[in-house]
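Let me begin by presenting the structure, written as structure tokens, before commenting on it.
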There are 2 protein chains.
Amino acid sequence: MPAPELRPRLTVRFSRPSGGHYPVFVGSGILRHLPRILRRFAPAHRYFLITDSTVARLHGRAVHSALRKSGLRADFLMVAAGERSKTRESKARLEDRMLALGGGRDSAVIAIGGGMVGDLAGFTAATYLRGIPFVAVPTTLLAMVDAALGGKTAVDHPRGKNLIGAFHHPKAVLADVQALRTLSEREYRSGLAEVVKTAVVGDAALFRRLERSTATILSRHPEALAEVITACCRLKARVVAADEREAGLRVILNFGHTLGHALEHLSRYRLAHGEAVAIGMVLEARAAEAAGIMKRGEPGRIEALLTSLGIPLTPPKRLSAARILAAARVDKKSRHGTLLYAVPRRVGRMAGMAGRFTRTLPAGALAAVLKQSTE
Amino acid sequence: MPAPELRPRLTVRFSRPSGGHYPVFVGSGILRHLPRILRRFAPAHRYFLITDSTVARLHGRAVHSALRKSGLRADFLMVAAGERSKTRESKARLEDRMLALGGGRDSAVIAIGGGMVGDLAGFTAATYLRGIPFVAVPTTLLAMVDAALGGKTAVDHPRGKNLIGAFHHPKAVLADVQALRTLSEREYRSGLAEVVKTAVVGDAALFRRLERSTATILSRHPEALAEVITACCRLKARVVAADEREAGLRVILNFGHTLGHALEHLSRYRLAHGEAVAIGMVLEARAAEAAGIMKRGEPGRIEALLTSLGIPLTPPKRLSAARILAAARVDKKSRHGTLLYAVPRRVGRMAGMAGRFTRTLPAGALAAVLKQSTE
């Protein structure tokens, strides 16, 4: 039916910046350089400094007064600490206050805090007057190695994490490892799980380094940390450069996350993100091993490293395999109801084949592994 | 202070589709081809058909059943008609329902309605799972010539229009002039104001055509309408292609809008958008004429055409010049508190100079013009 009416009268073409780049600063005590970084990479008429109650107590006053001293106009906006603040309602309250303060297109957002603050503040910046710049100042290990890079911003929804969001890249990332000194042991180790994931996914040398220098890492040695964080950022940057929108390669970063997100959700966030991902990695690796996708023995190596870093690997009791798989299906990583996993072939090497970086895992292998570990 | 710590450890590079294009279909009775257009330009596992109560009554059932007949899976989501539905709360309710229905990344949105529906549904699509495709089916003249093209999506805020939003282009636009038959006379004429604006801004031939064929236009002759709409879309497409993010040229489309938005807001939306813009155009043109920016006599020509098209040009009573200017300053088009206007040099020719397409207007000229017209 080649009806003439179906010829478009015209075609709208649009161009946009075909890409971009932003610097990642990693070091010890570099938070004091924030004003210079803002002036250079995100010059603005005024800044909205978004943070949470915990971070505000630890670093807020210092940062705020540093900004004021250097002559930058900055307003402090605080949300309650915890994942519960990562909602559409928190975002709306931030917008209300930014508008009430008269913030125009020439303002910028500074996100100081963990992944929650980065995701929430980044998403707020993404849609404020259709988008204003933001600078990410991650203060947790998890945020430094994962959340702050890659341009993903979002809020959670009662039905799942990160369901409403946007791609919006920061203008610069500033990771001061000094901030990690104040993390609780649990939060710190949860971040290490994401470091291990990064190593498994694409950096065998980093994995061996972690195996060798467990004690140094656990003592939070600043320069060792800076190097580990830089290695993680480098891998993530490489992946994001190749695939911003998660059409292909980028999904390799989801190793452990298909089951991890489900466990995190089912635990009602009593499991920390890294803890859930650690369990997810072990389960997905074991199922991949059983299915002949992953080299024999590798799941054991991953499990041993996680254990030596003091990361608990026990899934919540009373979760059946069926419930975990059902929860995983609700996640964005399912397509037509089929669960897709990003699993490695061996440490440092993903199982990508012919441009596909996810695969299904045999239901039998998964159920067996899940049953074993949740009994 | 070239501190070594201020060297970035790495630079994140990201690429994104460097641009894109989408077809605009304009014709009479072409709504029945929607399923083919969806299959070709926005293939999806399921569709969310977003519309308002008025449009649903007029076209909803037909569209819905056409989709079902052609084997496409579509769910109907309805919001109350009127600008009042263009809020963060409406967007949240749409998201809740789309998630409850299990819409994944392989779903797409169809926005059927006026500018309100297009902006709301487009913005909902922009942030749903960080962005899913949408197709725009504008059913008002205003939406066909303006809102549906250009990728701007947004919701309103109590402090002003379109303050929270995103750039998100449709995959295709389908404008069926048959839909215009059901518009009220007032709504239709309000759309004509935006047609006149387009002509003033960049199409002198269209302006003369409107002057010549007022009666044909007012009778809503389908082919004449299709041609006028196509001309408007063509100009807008040219402008958007040159400047997606409103860094330069695109602001010329804001002629009449600096004061128009303020009037619309102050009237509490009792003035229709086009009515407010029509008054804004006349006021801005007269002030520009008084300031020697616009050719003498052109404001009179614009006013005469608007009048012959039956568009009322009287600002609401009891609005002082000071109040109008204060309201305009809250708008996104002010920078550091200075009002910027996109005003033409003459019909069909904007006053852009050296890459700048907005300018300030002398406070005296503005106040005089405003005083005269609001007395």
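Note on naming: chains are A, B, ... as they come in the structure tokens, residues start from 1 per chain, ligands start from 1 in the order shown.
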Query - DSSP strand (DSSP E) residues within range 151-336 of chain A, listed as a VMD selection string - result: chain A and resid 152 to 157 160 to 167 172 to 176 334 to 335
Might you pull out every residue within 7 Å of Met78 in chain A, with only C-alpha atoms counted and same-chain residues fewer than 2 positions away left off, and present them as a short mmCIF file (atom, residue, chain, number, x, y, z; two decimals) with C-alpha atoms, in the first residue's frame?
data_model
loop_
_atom_site.label_atom_id
_atom_site.label_comp_id
_atom_site.auth_asym_id
_atom_site.auth_seq_id
_atom_site.Cartn_x
_atom_site.Cartn_y
_atom_site.Cartn_z
CA ILE A 50 23.26 18.96 46.86
CA THR A 51 24.23 16.50 49.55
CA ASP A 52 22.73 14.29 52.25
CA SER A 53 22.58 14.76 56.00
CA PHE A 76 23.21 24.24 50.25
CA ALA A 80 17.96 12.81 54.27
#
Report task. Do a neighbour search on Arg40 in chain A at 10 Å with only C-alpha atoms, toss out local chain neighbours closer than 4 positions, and write the hits as a PyMOL selection string. Result -> chain A and resi 34-36+44+171-172
Query raised in the report: Any idea which chain B residues end up within 6 Å of chain A if we count only C-alpha atoms, as an MDAnalysis selection string please?
Result: chainID B and resid 8:16 18:25 127:130 163:166 237 241
Report task. Show which residues sit within 8 Å of Ile252 in chain B, as number ranges by chain. Count only C-alpha atoms, and ignore same-chain residues fewer than 2 positions away. Result -> B: 201, 249-250, 254-255, 342-343, 350, 357-358
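From CA of Arg349 in chain B back to CA of Gly202 in chain B, the distance works out to 5.5 Å.
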Report task. Measuring atom to atom with only C-alpha atoms, identify which of B:Leu49, B:Leu309, B:Ala66, B:Val79 is nearest to Val109 in chain B. Result ->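 Smallest distance to Val109 in chain B is found for B:Leu49.
Non-sequential neighbours of Ser65 in chain B (distance at most 12 Å, separation of 2 or more positions within a chain, only C-alpha atoms) are Arg32, Leu34, Pro35, Leu49, His59, Gly60, Arg61, Ala62, Val63, Leu67, Arg68, Lys69, Ser70, Gly71, Leu72, Arg73, Ala74, Asp75 and Phe76 of chain B.
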Requested in this report: Taking the DSSP assignment computed from this structure's backbone, write out as number ranges by chain all residues of range 154-198 of chain A that belong to alpha helix (DSSP H).
Outcome: A: 185-198
I need the chosen residues saved as an mmCIF file, in the first residue's frame, with C-alpha atoms.
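Saved to selection.cif:
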data_model
loop_
_atom_site.group_PDB
_atom_site.id
_atom_site.type_symbol
_atom_site.label_atom_id
_atom_site.label_comp_id
_atom_site.auth_asym_id
_atom_site.auth_seq_id
_atom_site.Cartn_x
_atom_site.Cartn_y
_atom_site.Cartn_z
ATOM 1 C CA GLU A 185 33.538 -0.784 57.598
ATOM 2 C CA ARG A 186 30.390 -2.258 56.085
ATOM 3 C CA GLU A 187 29.927 0.531 53.541
ATOM 4 C CA TYR A 188 33.608 0.430 52.615
ATOM 5 C CA ARG A 189 33.575 -3.334 52.017
ATOM 6 C CA SER A 190 30.388 -3.051 50.042
ATOM 7 C CA GLY A 191 32.281 -0.688 47.725
ATOM 8 C CA LEU A 192 35.097 -3.215 47.426
ATOM 9 C CA ALA A 193 32.600 -5.700 45.970
ATOM 10 C CA GLU A 194 32.110 -3.349 43.014
ATOM 11 C CA VAL A 195 35.900 -3.057 42.676
ATOM 12 C CA VAL A 196 36.102 -6.855 42.459
ATOM 13 C CA LYS A 197 33.336 -6.838 39.852
ATOM 14 C CA THR A 198 35.283 -4.365 37.735
#
Query - Residue contacts of Leu180 in chain B (8 Å, only C-alpha atoms) excluding same-chain residues fewer than 5 positions away, as a ChimeraX atom specification - result: /B:139-141,188,220
Requested in this report: Excluding range 320-329 of chain A and any residue of its chain fewer than 6 positions from it, enumerate the residues within 8 Å of it, using only C-alpha atoms, and give them as a list in words.
Outcome: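 Non-adjacent residues within range: Thr258, Leu259, His261, Ala262, Leu263, His265, Leu266, Gly337, Thr338, Leu339, Ala367, Leu370, Lys371 and Thr374 of chain A.
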Keeping only all heavy atoms, write the selected residues to a file as a compact mmCIF listing (two decimals), in the first residue's frame.
# COMPACT_ATOMS: atom_id res chain seq x y z
N THR A 258 22.12 -8.82 37.74
CA THR A 258 20.80 -9.36 37.42
C THR A 258 20.19 -10.00 38.67
O THR A 258 19.07 -9.66 39.08
CB THR A 258 20.89 -10.38 36.26
OG1 THR A 258 21.49 -9.73 35.14
CG2 THR A 258 19.53 -10.90 35.87
N LEU A 259 20.95 -10.88 39.31
CA LEU A 259 20.47 -11.45 40.57
C LEU A 259 20.68 -10.49 41.73
O LEU A 259 19.87 -10.45 42.66
CB LEU A 259 21.16 -12.79 40.83
CG LEU A 259 20.89 -13.88 39.78
CD1 LEU A 259 21.60 -15.18 40.16
CD2 LEU A 259 19.38 -14.13 39.62
N HIS A 261 20.48 -7.13 41.95
CA HIS A 261 19.38 -6.18 42.11
C HIS A 261 18.15 -6.85 42.70
O HIS A 261 17.47 -6.28 43.55
CB HIS A 261 19.02 -5.55 40.76
CG HIS A 261 19.80 -4.30 40.46
ND1 HIS A 261 19.80 -3.71 39.22
CD2 HIS A 261 20.57 -3.53 41.26
CE1 HIS A 261 20.56 -2.64 39.26
NE2 HIS A 261 21.04 -2.49 40.48
N ALA A 262 17.87 -8.06 42.25
CA ALA A 262 16.70 -8.79 42.76
C ALA A 262 16.85 -9.04 44.26
O ALA A 262 15.91 -8.82 45.04
CB ALA A 262 16.52 -10.10 41.99
N LEU A 263 18.04 -9.48 44.67
CA LEU A 263 18.29 -9.76 46.09
C LEU A 263 18.19 -8.48 46.92
O LEU A 263 17.62 -8.47 48.01
CB LEU A 263 19.68 -10.38 46.27
CG LEU A 263 19.82 -11.82 45.75
CD1 LEU A 263 21.29 -12.21 45.66
CD2 LEU A 263 19.07 -12.77 46.69
N HIS A 265 16.48 -5.83 46.28
CA HIS A 265 15.08 -5.43 46.36
C HIS A 265 14.32 -6.33 47.35
O HIS A 265 13.59 -5.84 48.21
CB HIS A 265 14.47 -5.50 44.96
CG HIS A 265 13.11 -4.89 44.87
ND1 HIS A 265 12.87 -3.56 45.12
CD2 HIS A 265 11.90 -5.43 44.54
CE1 HIS A 265 11.58 -3.31 44.97
NE2 HIS A 265 10.98 -4.42 44.61
N LEU A 266 14.52 -7.65 47.22
CA LEU A 266 13.80 -8.59 48.08
C LEU A 266 14.21 -8.44 49.55
O LEU A 266 13.41 -8.71 50.45
CB LEU A 266 14.03 -10.03 47.61
CG LEU A 266 13.34 -10.42 46.30
CD1 LEU A 266 13.78 -11.82 45.88
CD2 LEU A 266 11.82 -10.36 46.44
N GLY A 337 10.54 -10.84 28.93
CA GLY A 337 10.42 -11.77 30.04
C GLY A 337 11.56 -12.75 30.19
O GLY A 337 11.57 -13.55 31.11
N THR A 338 12.54 -12.71 29.28
CA THR A 338 13.68 -13.63 29.39
C THR A 338 14.82 -12.94 30.12
O THR A 338 15.19 -11.82 29.78
CB THR A 338 14.18 -14.03 27.98
OG1 THR A 338 13.06 -14.49 27.23
CG2 THR A 338 15.23 -15.11 28.07
N LEU A 339 15.37 -13.58 31.12
CA LEU A 339 16.46 -12.97 31.88
C LEU A 339 17.77 -13.07 31.12
O LEU A 339 18.12 -14.11 30.58
CB LEU A 339 16.60 -13.68 33.23
CG LEU A 339 15.58 -13.23 34.27
CD1 LEU A 339 15.67 -14.12 35.49
CD2 LEU A 339 15.84 -11.79 34.65
N ALA A 367 18.60 -22.58 38.93
CA ALA A 367 17.77 -23.04 40.03
C ALA A 367 18.59 -23.89 40.99
O ALA A 367 18.49 -23.75 42.21
CB ALA A 367 16.58 -23.83 39.49
N LEU A 370 20.89 -21.60 42.98
CA LEU A 370 20.11 -20.79 43.91
C LEU A 370 19.61 -21.64 45.08
O LEU A 370 19.64 -21.23 46.23
CB LEU A 370 18.92 -20.14 43.20
CG LEU A 370 19.24 -18.87 42.41
CD1 LEU A 370 18.07 -18.49 41.51
CD2 LEU A 370 19.55 -17.71 43.36
N LYS A 371 19.14 -22.84 44.74
CA LYS A 371 18.59 -23.71 45.76
C LYS A 371 19.67 -24.04 46.80
O LYS A 371 19.46 -23.90 48.01
CB LYS A 371 18.08 -25.00 45.10
CG LYS A 371 17.18 -25.84 45.98
CD LYS A 371 16.28 -26.74 45.14
CE LYS A 371 15.32 -27.53 46.03
NZ LYS A 371 16.01 -28.38 47.01
N THR A 374 20.49 -20.92 49.03
CA THR A 374 19.47 -20.30 49.87
C THR A 374 18.87 -21.28 50.86
O THR A 374 17.93 -20.95 51.57
CB THR A 374 18.33 -19.68 49.02
OG1 THR A 374 17.85 -20.67 48.11
CG2 THR A 374 18.82 -18.49 48.24
Query raised in the report: Hey, can you check how far CA of Gly348 in chain B sits from CA of Leu361 in chain B?
Result: 19.7 Å
